[in-house]
Structures are given as structure tokens and as C-alpha cells.
file entry.txt (compact mmCIF, C-alpha atoms)
# COMPACT_ATOMS: atom_id res chain seq x y z
CA MET A 141 -36.17 -2.75 12.48
CA ILE A 142 -35.47 -4.07 9.01
CA ALA A 143 -32.28 -2.69 7.51
CA GLY A 144 -32.97 -0.61 4.42
CA ILE A 145 -36.75 -0.72 4.69
CA SER A 146 -38.59 2.40 5.78
CA ILE A 147 -41.83 2.37 7.76
CA TYR A 148 -43.70 3.71 4.73
CA GLU A 149 -43.13 0.56 2.70
CA ILE A 150 -44.40 -1.75 5.43
CA LEU A 151 -47.45 0.45 6.02
CA THR A 152 -48.14 0.35 2.27
CA VAL A 153 -48.10 -3.47 2.30
CA THR A 154 -50.42 -3.64 5.31
CA SER A 155 -52.85 -1.14 3.76
CA ILE A 156 -52.99 -3.24 0.59
CA LEU A 157 -53.64 -6.38 2.67
CA PHE A 158 -56.37 -4.57 4.62
CA PHE A 159 -58.21 -3.49 1.50
CA ILE A 160 -57.92 -6.92 -0.09
CA GLY A 161 -59.64 -8.17 3.06
CA VAL A 162 -62.37 -5.53 2.75
CA TYR A 163 -62.88 -6.49 -0.91
CA GLY A 164 -63.27 -10.15 0.01
CA PHE A 165 -65.60 -9.29 2.87
CA ILE A 166 -67.99 -7.46 0.56
CA THR A 167 -67.89 -9.64 -2.55
CA ARG A 168 -67.91 -13.14 -1.02
CA LYS A 169 -71.24 -14.88 -0.49
CA ASN A 170 -70.13 -17.76 1.72
CA LEU A 171 -69.91 -17.47 5.50
CA ILE A 172 -66.56 -19.28 5.75
CA SER A 173 -65.01 -17.07 3.06
CA ILE A 174 -66.22 -13.98 4.93
CA LEU A 175 -64.55 -15.34 8.07
CA MET A 176 -61.29 -15.73 6.14
CA SER A 177 -61.50 -12.13 4.93
CA ILE A 178 -61.92 -11.00 8.54
CA GLU A 179 -58.73 -12.88 9.39
CA LEU A 180 -56.91 -10.94 6.66
CA ILE A 181 -58.15 -7.60 8.02
CA LEU A 182 -57.17 -8.51 11.60
CA ASN A 183 -53.72 -9.62 10.50
CA ALA A 184 -53.07 -6.38 8.64
CA SER A 185 -53.93 -4.37 11.75
CA VAL A 186 -51.73 -6.60 13.93
CA ILE A 187 -48.73 -5.96 11.67
CA ASN A 188 -49.41 -2.22 12.00
CA PHE A 189 -49.29 -2.44 15.81
CA VAL A 190 -46.02 -4.37 15.74
CA VAL A 191 -44.30 -2.23 13.13
CA ILE A 192 -45.21 1.09 14.72
CA ASN A 193 -43.99 -0.22 18.07
CA LYS A 194 -40.68 -1.35 16.58
CA TYR A 195 -39.98 1.72 14.47
CA LEU A 196 -41.23 4.56 16.65
CA TYR A 197 -41.04 3.33 20.27
CA PRO A 198 -38.45 0.53 20.31
CA ASP A 199 -37.86 0.63 24.07
CA MET A 200 -41.51 -0.17 24.87
CA LEU A 201 -43.52 -3.31 24.24
CA GLN A 202 -47.14 -2.07 24.25
CA GLY A 203 -47.69 -2.87 20.59
CA VAL A 204 -46.56 -6.46 21.11
CA TYR A 205 -48.99 -6.91 24.01
CA PHE A 206 -51.85 -5.51 21.99
CA SER A 207 -51.03 -7.77 19.06
CA ILE A 208 -50.98 -10.80 21.37
CA PHE A 209 -54.42 -9.80 22.68
CA ILE A 210 -55.75 -9.30 19.15
CA ILE A 211 -54.50 -12.75 18.16
CA ALA A 212 -56.19 -14.30 21.23
CA VAL A 213 -59.49 -12.53 20.48
CA ALA A 214 -59.27 -13.62 16.84
CA ALA A 215 -58.77 -17.24 17.91
CA ALA A 216 -61.81 -17.07 20.22
CA GLU A 217 -63.87 -15.42 17.50
CA THR A 218 -62.94 -18.03 14.92
CA ALA A 219 -63.80 -20.92 17.24
CA LEU A 220 -67.23 -19.42 17.97
CA ALA A 221 -67.89 -18.57 14.33
CA VAL A 222 -67.01 -22.06 13.15
CA SER A 223 -69.32 -23.62 15.75
CA ILE A 224 -72.14 -21.27 14.70
CA ILE A 225 -71.57 -22.14 11.03
CA ILE A 226 -71.69 -25.88 11.76
CA ASN A 227 -74.87 -25.49 13.80
CA LEU A 228 -76.41 -23.39 11.02
CA TYR A 229 -75.52 -26.03 8.44
CA ARG A 230 -77.20 -28.63 10.57
CA GLN A 231 -80.41 -26.61 10.62
CA ILE A 232 -80.77 -25.23 7.10
CA ALA A 233 -78.16 -27.30 5.19
CA SER A 234 -76.49 -24.25 3.69
CA VAL A 235 -73.87 -21.65 4.63
CA GLU A 236 -74.64 -19.10 1.95
CA VAL A 237 -75.42 -15.61 3.18
CA LYS A 238 -78.65 -15.35 1.21
CA ASP A 239 -80.12 -18.43 2.88
CA THR A 240 -79.54 -17.30 6.44
CA GLU A 241 -82.53 -15.15 7.23
CA ILE A 242 -83.91 -16.72 10.39
CA MET A 243 -82.17 -16.30 13.71
CA LYS A 244 -83.94 -19.00 15.65
CA TYR A 245 -86.29 -21.83 14.88
CA MET B 54 -30.23 -8.82 1.80
CA GLU B 55 -33.11 -7.97 4.18
CA ARG B 56 -34.49 -5.69 1.50
CA ILE B 57 -34.76 -8.51 -1.02
CA ILE B 58 -36.36 -10.84 1.54
CA PHE B 59 -38.89 -8.16 2.49
CA TYR B 60 -39.89 -7.55 -1.11
CA ILE B 61 -40.25 -11.29 -1.77
CA LEU B 62 -42.40 -11.66 1.36
CA ALA B 63 -44.55 -8.66 0.43
CA LEU B 64 -45.06 -10.02 -3.08
CA ILE B 65 -46.02 -13.47 -1.73
CA MET B 66 -48.45 -11.95 0.77
CA ILE B 67 -50.22 -9.69 -1.71
CA VAL B 68 -50.43 -12.24 -4.53
CA PHE B 69 -51.76 -14.98 -2.27
CA ALA B 70 -54.17 -12.61 -0.53
CA ILE B 71 -55.68 -11.67 -3.89
CA ALA B 72 -55.80 -15.34 -4.86
CA SER B 73 -57.47 -16.14 -1.55
CA VAL B 74 -60.33 -13.68 -1.99
CA SER B 75 -60.89 -14.44 -5.67
CA SER B 76 -60.41 -18.21 -5.95
CA LYS B 77 -63.47 -20.23 -6.86
CA LYS B 78 -62.42 -23.40 -5.09
CA MET B 79 -63.08 -23.23 -1.36
CA LEU B 80 -60.25 -25.41 -0.07
CA ARG B 81 -57.67 -23.73 -2.30
CA SER B 82 -58.61 -20.33 -1.00
CA VAL B 83 -58.00 -21.58 2.57
CA ILE B 84 -54.54 -22.83 1.57
CA TYR B 85 -53.75 -19.47 -0.05
CA LEU B 86 -54.70 -17.82 3.25
CA LEU B 87 -52.21 -20.16 4.96
CA PHE B 88 -49.44 -18.83 2.71
CA VAL B 89 -50.38 -15.24 3.59
CA LEU B 90 -50.21 -16.04 7.31
CA CYS B 91 -46.81 -17.71 6.92
CA GLY B 92 -45.58 -14.62 5.07
CA ILE B 93 -46.72 -12.46 7.97
CA ALA B 94 -44.79 -14.72 10.36
CA GLY B 95 -41.72 -14.23 8.17
CA LEU B 96 -42.22 -10.47 8.47
CA TYR B 97 -42.18 -10.79 12.28
CA PHE B 98 -38.94 -12.77 12.06
CA LEU B 99 -37.47 -9.96 9.95
CA ILE B 100 -38.51 -7.31 12.49
CA ASP B 101 -36.85 -9.46 15.17
CA TYR B 102 -39.92 -10.35 17.23
CA ASN B 103 -39.32 -14.09 17.37
CA PHE B 104 -41.94 -14.74 20.04
CA LEU B 105 -44.68 -13.10 17.99
CA ALA B 106 -43.64 -15.05 14.91
CA ALA B 107 -43.90 -18.28 16.89
CA ILE B 108 -47.36 -17.25 18.14
CA GLN B 109 -48.43 -16.41 14.60
CA LEU B 110 -47.26 -19.78 13.30
CA THR B 111 -48.84 -21.84 16.08
CA VAL B 112 -52.12 -19.99 16.59
CA TYR B 113 -52.90 -18.90 13.05
CA ALA B 114 -51.13 -21.34 10.75
CA GLY B 115 -51.55 -24.24 13.13
CA GLY B 116 -54.87 -23.58 14.84
CA ILE B 117 -57.18 -21.31 12.94
CA ILE B 118 -56.39 -22.69 9.47
CA VAL B 119 -56.99 -26.24 10.69
CA LEU B 120 -60.28 -25.12 12.25
CA ILE B 121 -61.39 -23.48 8.99
CA ILE B 122 -60.35 -26.55 6.97
CA PHE B 123 -62.39 -28.68 9.39
CA SER B 124 -65.48 -26.60 8.83
CA VAL B 125 -64.96 -26.54 5.06
CA VAL B 126 -64.64 -30.31 4.91
CA LEU B 127 -67.64 -30.82 7.18
CA VAL B 128 -69.87 -28.39 5.36
CA HIS B 129 -68.94 -28.53 1.67
CA HIS B 130 -68.31 -31.09 -0.94
CA ILE B 131 -64.57 -30.88 -1.52
CA GLU B 132 -64.77 -29.96 -5.20
CA MET B 133 -67.57 -27.45 -4.70
CA GLU B 134 -67.22 -24.21 -6.61
CA LEU B 135 -68.20 -20.96 -4.98
CA GLU B 136 -70.53 -18.61 -6.72
CA LEU B 137 -68.90 -15.31 -7.41
CA ALA B 138 -70.46 -11.89 -7.14
CA LYS B 139 -71.73 -10.12 -10.23
CA ARG B 140 -69.14 -8.53 -12.50
CA SER B 141 -70.50 -5.02 -11.96
CA LYS B 142 -70.47 -5.47 -8.19
CA GLN B 143 -66.89 -6.76 -8.27
CA ILE B 144 -65.71 -3.75 -10.27
CA LEU B 145 -67.62 -1.33 -8.06
CA VAL B 146 -66.23 -2.80 -4.83
CA GLY B 147 -62.72 -2.95 -6.31
CA LEU B 148 -62.98 0.71 -7.27
CA ALA B 149 -64.19 1.67 -3.78
CA CYS B 150 -61.31 -0.27 -2.22
CA LEU B 151 -58.81 1.44 -4.54
CA ILE B 152 -60.16 4.86 -3.54
CA GLY B 153 -59.88 3.91 0.13
CA LEU B 154 -56.35 2.64 -0.43
CA GLY B 155 -55.44 5.91 -2.14
CA ILE B 156 -56.73 7.92 0.81
CA PHE B 157 -54.80 5.70 3.23
CA LEU B 158 -51.56 6.00 1.25
CA THR B 159 -51.77 9.78 0.80
CA THR B 160 -52.36 10.14 4.54
CA ILE B 161 -49.45 7.84 5.39
CA TYR B 162 -47.00 9.41 2.96
CA SER B 163 -47.87 12.99 3.97
CA HIS B 164 -47.16 12.21 7.64
CA THR B 165 -43.60 12.29 8.93
CA PHE B 166 -42.76 9.57 11.41
CA ASN B 167 -40.07 10.10 14.04
CA VAL B 168 -38.30 6.83 13.36
CA VAL B 169 -35.79 5.80 16.04
CA GLU B 170 -32.86 3.88 14.60
CA ASN B 171 -32.34 0.79 16.74
CA SER B 172 -31.47 -2.87 16.70
CA ILE B 173 -32.93 -3.99 20.02
CA THR B 174 -33.74 -7.67 20.27
CA THR B 175 -36.80 -8.50 22.36
CA THR B 176 -36.74 -11.83 24.12
CA ALA B 177 -39.73 -13.82 25.28
CA GLU B 178 -38.63 -13.07 28.84
CA ASP B 179 -39.20 -9.32 28.44
CA ILE B 180 -42.66 -9.92 27.00
CA GLY B 181 -43.61 -12.33 29.77
CA LEU B 182 -42.36 -10.03 32.53
CA GLY B 183 -44.30 -7.12 31.09
CA LEU B 184 -47.46 -9.18 30.75
CA LEU B 185 -47.37 -10.35 34.33
CA SER B 186 -46.23 -7.15 36.05
CA TYR B 187 -48.46 -5.48 38.63
CA GLU B 188 -46.82 -2.07 38.35
CA THR B 189 -48.06 0.85 36.29
CA GLY B 190 -47.94 -0.09 32.64
CA GLY B 191 -48.21 -3.78 33.45
CA PHE B 192 -50.71 -5.91 31.64
CA ILE B 193 -51.83 -8.37 34.30
CA LEU B 194 -55.52 -7.36 34.21
CA PRO B 195 -56.01 -7.67 30.43
CA PHE B 196 -54.10 -10.94 30.61
CA GLU B 197 -56.59 -12.35 33.10
CA VAL B 198 -59.55 -10.96 31.15
CA ILE B 199 -58.26 -12.64 27.98
CA SER B 200 -57.96 -15.96 29.79
CA ILE B 201 -61.58 -15.68 30.97
CA LEU B 202 -62.63 -14.75 27.44
CA LEU B 203 -60.89 -17.81 25.98
CA LEU B 204 -62.54 -20.09 28.55
CA ALA B 205 -65.97 -18.57 27.91
CA SER B 206 -65.62 -18.84 24.14
CA MET B 207 -64.47 -22.45 24.46
CA ILE B 208 -67.53 -23.39 26.51
CA GLY B 209 -69.78 -21.39 24.19
CA ALA B 210 -68.34 -23.08 21.10
CA ILE B 211 -68.94 -26.52 22.59
CA VAL B 212 -72.51 -25.67 23.61
CA ILE B 213 -73.39 -24.12 20.24
CA ALA B 214 -71.74 -26.77 18.07
CA LYS B 215 -73.28 -29.63 20.02
CA GLY B 216 -76.80 -28.51 19.21
CA LYS B 217 -79.88 -30.65 19.56
CA LYS B 218 -80.13 -34.18 18.31
CA LEU B 219 -82.27 -34.28 15.21
CA THR B 220 -83.73 -37.69 16.01
CA ASP B 221 -83.69 -39.24 19.43
CA LYS B 222 -83.20 -42.97 19.11
CA ASN B 223 -84.17 -43.75 22.70
CA GLU B 224 -87.43 -41.91 22.48
CA PRO B 225 -90.31 -44.08 23.70
CA LYS B 226 -92.96 -44.66 21.11

call {"tool": "encode", "arguments": {"input": "entry.txt", "output": "C-alpha cells"}}
result
Amino acid sequence: MIAGISIYEILTVTSILFFIGVYGFITRKNLISILMSIELILNASVINFVVINKYLYPDMLQGVYFSIFIIAVAAAETALAVSIIINLYRQIASVEVKDTEIMKY
Amino acid sequence: MERIIFYILALIMIVFAIASVSSKKMLRSVIYLLFVLCGIAGLYFLIDYNFLAAIQLTVYAGGIIVLIIFSVVLVHHIEMELELAKRSKQILVGLACLIGLGIFLTTIYSHTFNVVENSITTTAEDIGLGLLSYETGGFILPFEVISILLLASMIGAIVIAKGKKLTDKNEPK
């Protein structure tokens, strides 16, 4: 644990990061920007897992395993999303949310 | 000393996160996200999980950011400006997020955590042994499932991104 820092302060920082991600998710109109906001939200939750593991149950490692799995799932998700975005751009030449209304040609 | 470093890291993370969701230039907002991710890796170093910090730096800062930059450069003109949401919508969403944040913080601060004072250092060996253990509490099954998931998503990404050729040059006329 970090000397002199209580768990409340770290949880405050992660909550702020989470809600910045939610704000970006709702206000952005571009698919890639939305993907970046999702990364922010996922990262905030990963820090929560790690911090709660370290502060409350230091002799176990479950939080670390879950954060590793979340990072792996996020990597898979980003790779798929980027490939979908590129394919979409090839078909309708745009990645704005308002232009994507057809699922399949 | 750790206190000062933590506050600097927190400030960097929050400022660059706000810049990342409100910047008009696409590529700059990706670079701001990179700073946020590096700050999170610094936080892991502070908490003494070196392995996680290394994973964060390689997978996020090294892999995902490069992937996003790739897609930005392929899809957009590099100086393209994003269109922002309407002013009223921005204020409304910001207000909703502030209310949610307030609820979160009141819940967190009204709860008492049983914090265990410790200074245990976790090595990569402990994490690896736990991941590969067959005993109760071991994580061998999720580990295998994650490896299958990564393989499947890799194949899926290749198949989707390859797409159909728009014009076939060898097509007989």
C-alpha cells in the first residue's frame, strides 16, 4: 500500500476517471472516440480491483488475476472494434455514429 | 514522498482524461489517453505491483494505443476536427455525471473499510504460480479460456478487417 494515502483517496480518483469516461461515451459522436472512452472506464475499474486487493486482502491475489483478465478482454475487444471500424469505413466512408444505421449490405 | 507522487499522478490522470474526452483534434485526444494510461501504470508501481505495471505499459500503452492510432490514421485526415455535441447536451451530461459521482463518493465515504496495514511485495512468480495452479482457488481454467478468447478474437479481427475486395482485377469480362 502507498504510505500516507488512504483507500478513500484512490477510490475518489478512480470514480472521477470512471465518470469522465461515461461523459465521453455519451457526448462523443465518433466511433473511435467512444472506444477510447470505454478504455477509460475499463481502466478505472481495473484500478479498483487492484487497490481493494492490496488494501483489504493483501495476502491474496484474486484482484490481480481479475485485472489481468480484464486487460486481456479489453485488448481482444479493441482489436475487434478497430477491425469493425475499418471495415465500416470501407463500406460507407464514415465512422460517425449518425451515419451507421445499416448492419449489413 | 509517496504522497506527493500520488497527488501529481492523480492530477496528471484527471487533467489528461478531461482533455482526452473534450479535445477537438482526434490524434491529440489519443495521445492524451496515452498519458492517462502511463499515469495508471505509475499508480501500479506505487502500490508495488510491478508485474501489473509492466502489463499495463506493454498492452495498453504499447499495443492498444498503437492500434487506435493506426485506425485514426487510416480513417481520418490527420488534421480533421471532430464535431462536438451541442452545448445544452454537454451541460446536461456533465450534470448527470456529477450527480452520479456525488452518489459514488457519498457511498464510498460512508463505508468503513477494514484496511490491513502491510508492505508485502508481490513478485511475478507468485502471480504465475497462482494462475497456473490446479488446486482450489487456482485460475487455470479462466487462463485457458482467456487464451481461447484471444485466439478467436485474433482470427475474427483478421476475417472482419480483410473484407471483400471492392473491385476484382482478375474478373473475366

call {"tool": "atom_distance", "arguments": {"input": "entry.txt", "atom1": "atom CA of Tyr229 of chain A", "atom2": "atom CA of Leu86 of chain B"}}
result
23.0 Å

call {"tool": "closest_atom_pairs", "arguments": {"input": "entry.txt", "of": "chain A", "to": "chain B", "cutoff": "6 Å", "atoms": "only C-alpha atoms", "output": "Markdown table"}}
result
| residue | atom | partner | partner_atom | distance |
| --- | --- | --- | --- | --- |
| A:Met141 | CA | B:Ile100 | CA | 5.1 |
| A:Ile142 | CA | B:Ile100 | CA | 5.6 |
| A:Phe159 | CA | B:Cys150 | CA | 5.8 |
| A:Gly164 | CA | B:Val74 | CA | 5.0 |
| A:Thr167 | CA | B:Ala138 | CA | 5.7 |
| A:Tyr195 | CA | B:Val168 | CA | 5.5 |
| A:Leu196 | CA | B:Val168 | CA | 5.0 |
| A:Ala216 | CA | B:Ser206 | CA | 5.7 |
| A:Leu220 | CA | B:Ala210 | CA | 4.9 |
| A:Ser223 | CA | B:Ala214 | CA | 4.6 |
| A:Asn227 | CA | B:Ala214 | CA | 5.4 |

call {"tool": "atom_distance", "arguments": {"input": "entry.txt", "atom1": "atom CA of Ser163 of chain B", "atom2": "atom CA of Val186 of chain A"}}
result
22.3 Å

call {"tool": "axis_aligned_box", "arguments": {"input": "entry.txt", "around": "segment 237-241 of chain A", "padding_each_side": "4 Å", "output": "AutoDock Vina command-line options"}}
result
--center_x -79.0 --center_y -16.8 --center_z 4.2 --size_x 15.1 --size_y 11.3 --size_z 14.0

call {"tool": "atom_distance", "arguments": {"input": "entry.txt", "atom1": "atom CA of Asn188 of chain A", "atom2": "atom CA of Ile147 of chain A"}}
result
9.8 Å

call {"tool": "closest_residue", "arguments": {"input": "entry.txt", "among": "A:Ile210, A:Ile181, A:Ile187, A:Val222", "to": "Gly92 of chain B", "atoms": "all atoms listed in the file"}}
result
A:Ile187

call {"tool": "decode", "arguments": {"input": "entry.txt", "residues": "segment 144-236 of chain A", "atoms": "C-alpha atoms", "output": "short mmCIF file (atom, residue, chain, number, x, y, z; two decimals), in the first residue's frame"}}
result
data_model
loop_
_atom_site.label_atom_id
_atom_site.label_comp_id
_atom_site.auth_asym_id
_atom_site.auth_seq_id
_atom_site.Cartn_x
_atom_site.Cartn_y
_atom_site.Cartn_z
CA GLY A 144 0.22 8.10 3.77
CA ILE A 145 -2.55 7.56 1.23
CA SER A 146 -5.84 6.12 2.40
CA ILE A 147 -8.07 3.92 0.26
CA TYR A 148 -10.66 6.70 0.09
CA GLU A 149 -8.41 8.99 -1.92
CA ILE A 150 -7.60 6.35 -4.53
CA LEU A 151 -11.27 5.38 -4.84
CA THR A 152 -12.10 9.07 -5.33
CA VAL A 153 -9.61 9.32 -8.21
CA THR A 154 -10.95 6.17 -9.87
CA SER A 155 -14.56 7.36 -9.53
CA ILE A 156 -13.63 10.65 -11.20
CA LEU A 157 -11.89 8.76 -14.03
CA PHE A 158 -14.93 6.50 -14.44
CA PHE A 159 -17.33 9.39 -14.79
CA ILE A 160 -15.05 11.24 -17.19
CA GLY A 161 -15.23 8.07 -19.29
CA VAL A 162 -19.03 8.00 -19.05
CA TYR A 163 -19.18 11.67 -20.08
CA GLY A 164 -17.01 10.99 -23.12
CA PHE A 165 -19.04 7.92 -24.00
CA ILE A 166 -22.27 9.91 -24.15
CA THR A 167 -21.10 13.16 -25.72
CA ARG A 168 -18.70 11.90 -28.40
CA LYS A 169 -20.04 11.25 -31.89
CA ASN A 170 -17.12 9.35 -33.38
CA LEU A 171 -16.75 5.58 -33.05
CA ILE A 172 -13.02 5.71 -32.25
CA SER A 173 -13.56 8.33 -29.54
CA ILE A 174 -16.27 6.16 -27.99
CA LEU A 175 -13.81 3.25 -27.97
CA MET A 176 -11.29 5.43 -26.13
CA SER A 177 -13.89 6.36 -23.51
CA ILE A 178 -14.57 2.66 -22.97
CA GLU A 179 -10.85 2.18 -22.33
CA LEU A 180 -11.01 4.89 -19.65
CA ILE A 181 -13.97 3.20 -17.93
CA LEU A 182 -12.28 -0.22 -18.01
CA ASN A 183 -9.05 1.21 -16.60
CA ALA A 184 -10.85 2.87 -13.71
CA SER A 185 -12.47 -0.44 -12.76
CA VAL A 186 -9.14 -2.28 -13.04
CA ILE A 187 -7.52 0.14 -10.58
CA ASN A 188 -10.41 -0.51 -8.19
CA PHE A 189 -9.79 -4.28 -8.31
CA VAL A 190 -6.08 -3.84 -7.66
CA VAL A 191 -6.43 -1.27 -4.89
CA ILE A 192 -9.10 -3.16 -2.97
CA ASN A 193 -6.98 -6.30 -3.20
CA LYS A 194 -3.90 -4.50 -1.90
CA TYR A 195 -5.57 -2.57 0.90
CA LEU A 196 -8.13 -5.04 2.24
CA TYR A 197 -6.82 -8.54 1.40
CA PRO A 198 -3.05 -8.19 0.95
CA ASP A 199 -2.28 -11.89 1.38
CA MET A 200 -4.45 -12.90 -1.61
CA LEU A 201 -4.01 -12.18 -5.30
CA GLN A 202 -7.54 -12.55 -6.70
CA GLY A 203 -7.82 -8.88 -7.64
CA VAL A 204 -4.60 -9.06 -9.63
CA TYR A 205 -5.85 -12.09 -11.58
CA PHE A 206 -9.13 -10.39 -12.36
CA SER A 207 -7.35 -7.25 -13.52
CA ILE A 208 -5.11 -9.33 -15.81
CA PHE A 209 -8.23 -10.95 -17.29
CA ILE A 210 -9.92 -7.57 -17.75
CA ILE A 211 -6.84 -6.24 -19.55
CA ALA A 212 -6.81 -9.31 -21.85
CA VAL A 213 -10.53 -8.93 -22.64
CA ALA A 214 -10.03 -5.21 -23.31
CA ALA A 215 -7.21 -5.98 -25.74
CA ALA A 216 -9.38 -8.51 -27.60
CA GLU A 217 -12.29 -6.08 -27.66
CA THR A 218 -10.16 -3.25 -29.02
CA ALA A 219 -8.71 -5.41 -31.80
CA LEU A 220 -12.20 -6.49 -32.89
CA ALA A 221 -13.62 -2.98 -32.64
CA VAL A 222 -10.82 -1.49 -34.72
CA SER A 223 -11.29 -4.13 -37.42
CA ILE A 224 -15.05 -3.47 -37.46
CA ILE A 225 -14.43 0.29 -37.73
CA ILE A 226 -12.04 -0.17 -40.64
CA ASN A 227 -14.49 -2.45 -42.43
CA LEU A 228 -17.29 0.05 -41.82
CA TYR A 229 -15.18 2.87 -43.22
CA ARG A 230 -14.55 0.81 -46.31
CA GLN A 231 -18.28 0.38 -46.86
CA ILE A 232 -19.80 3.76 -46.01
CA ALA A 233 -16.68 6.00 -45.88
CA SER A 234 -17.54 7.40 -42.46
CA VAL A 235 -17.14 6.46 -38.79
CA GLU A 236 -19.65 8.89 -37.33
#
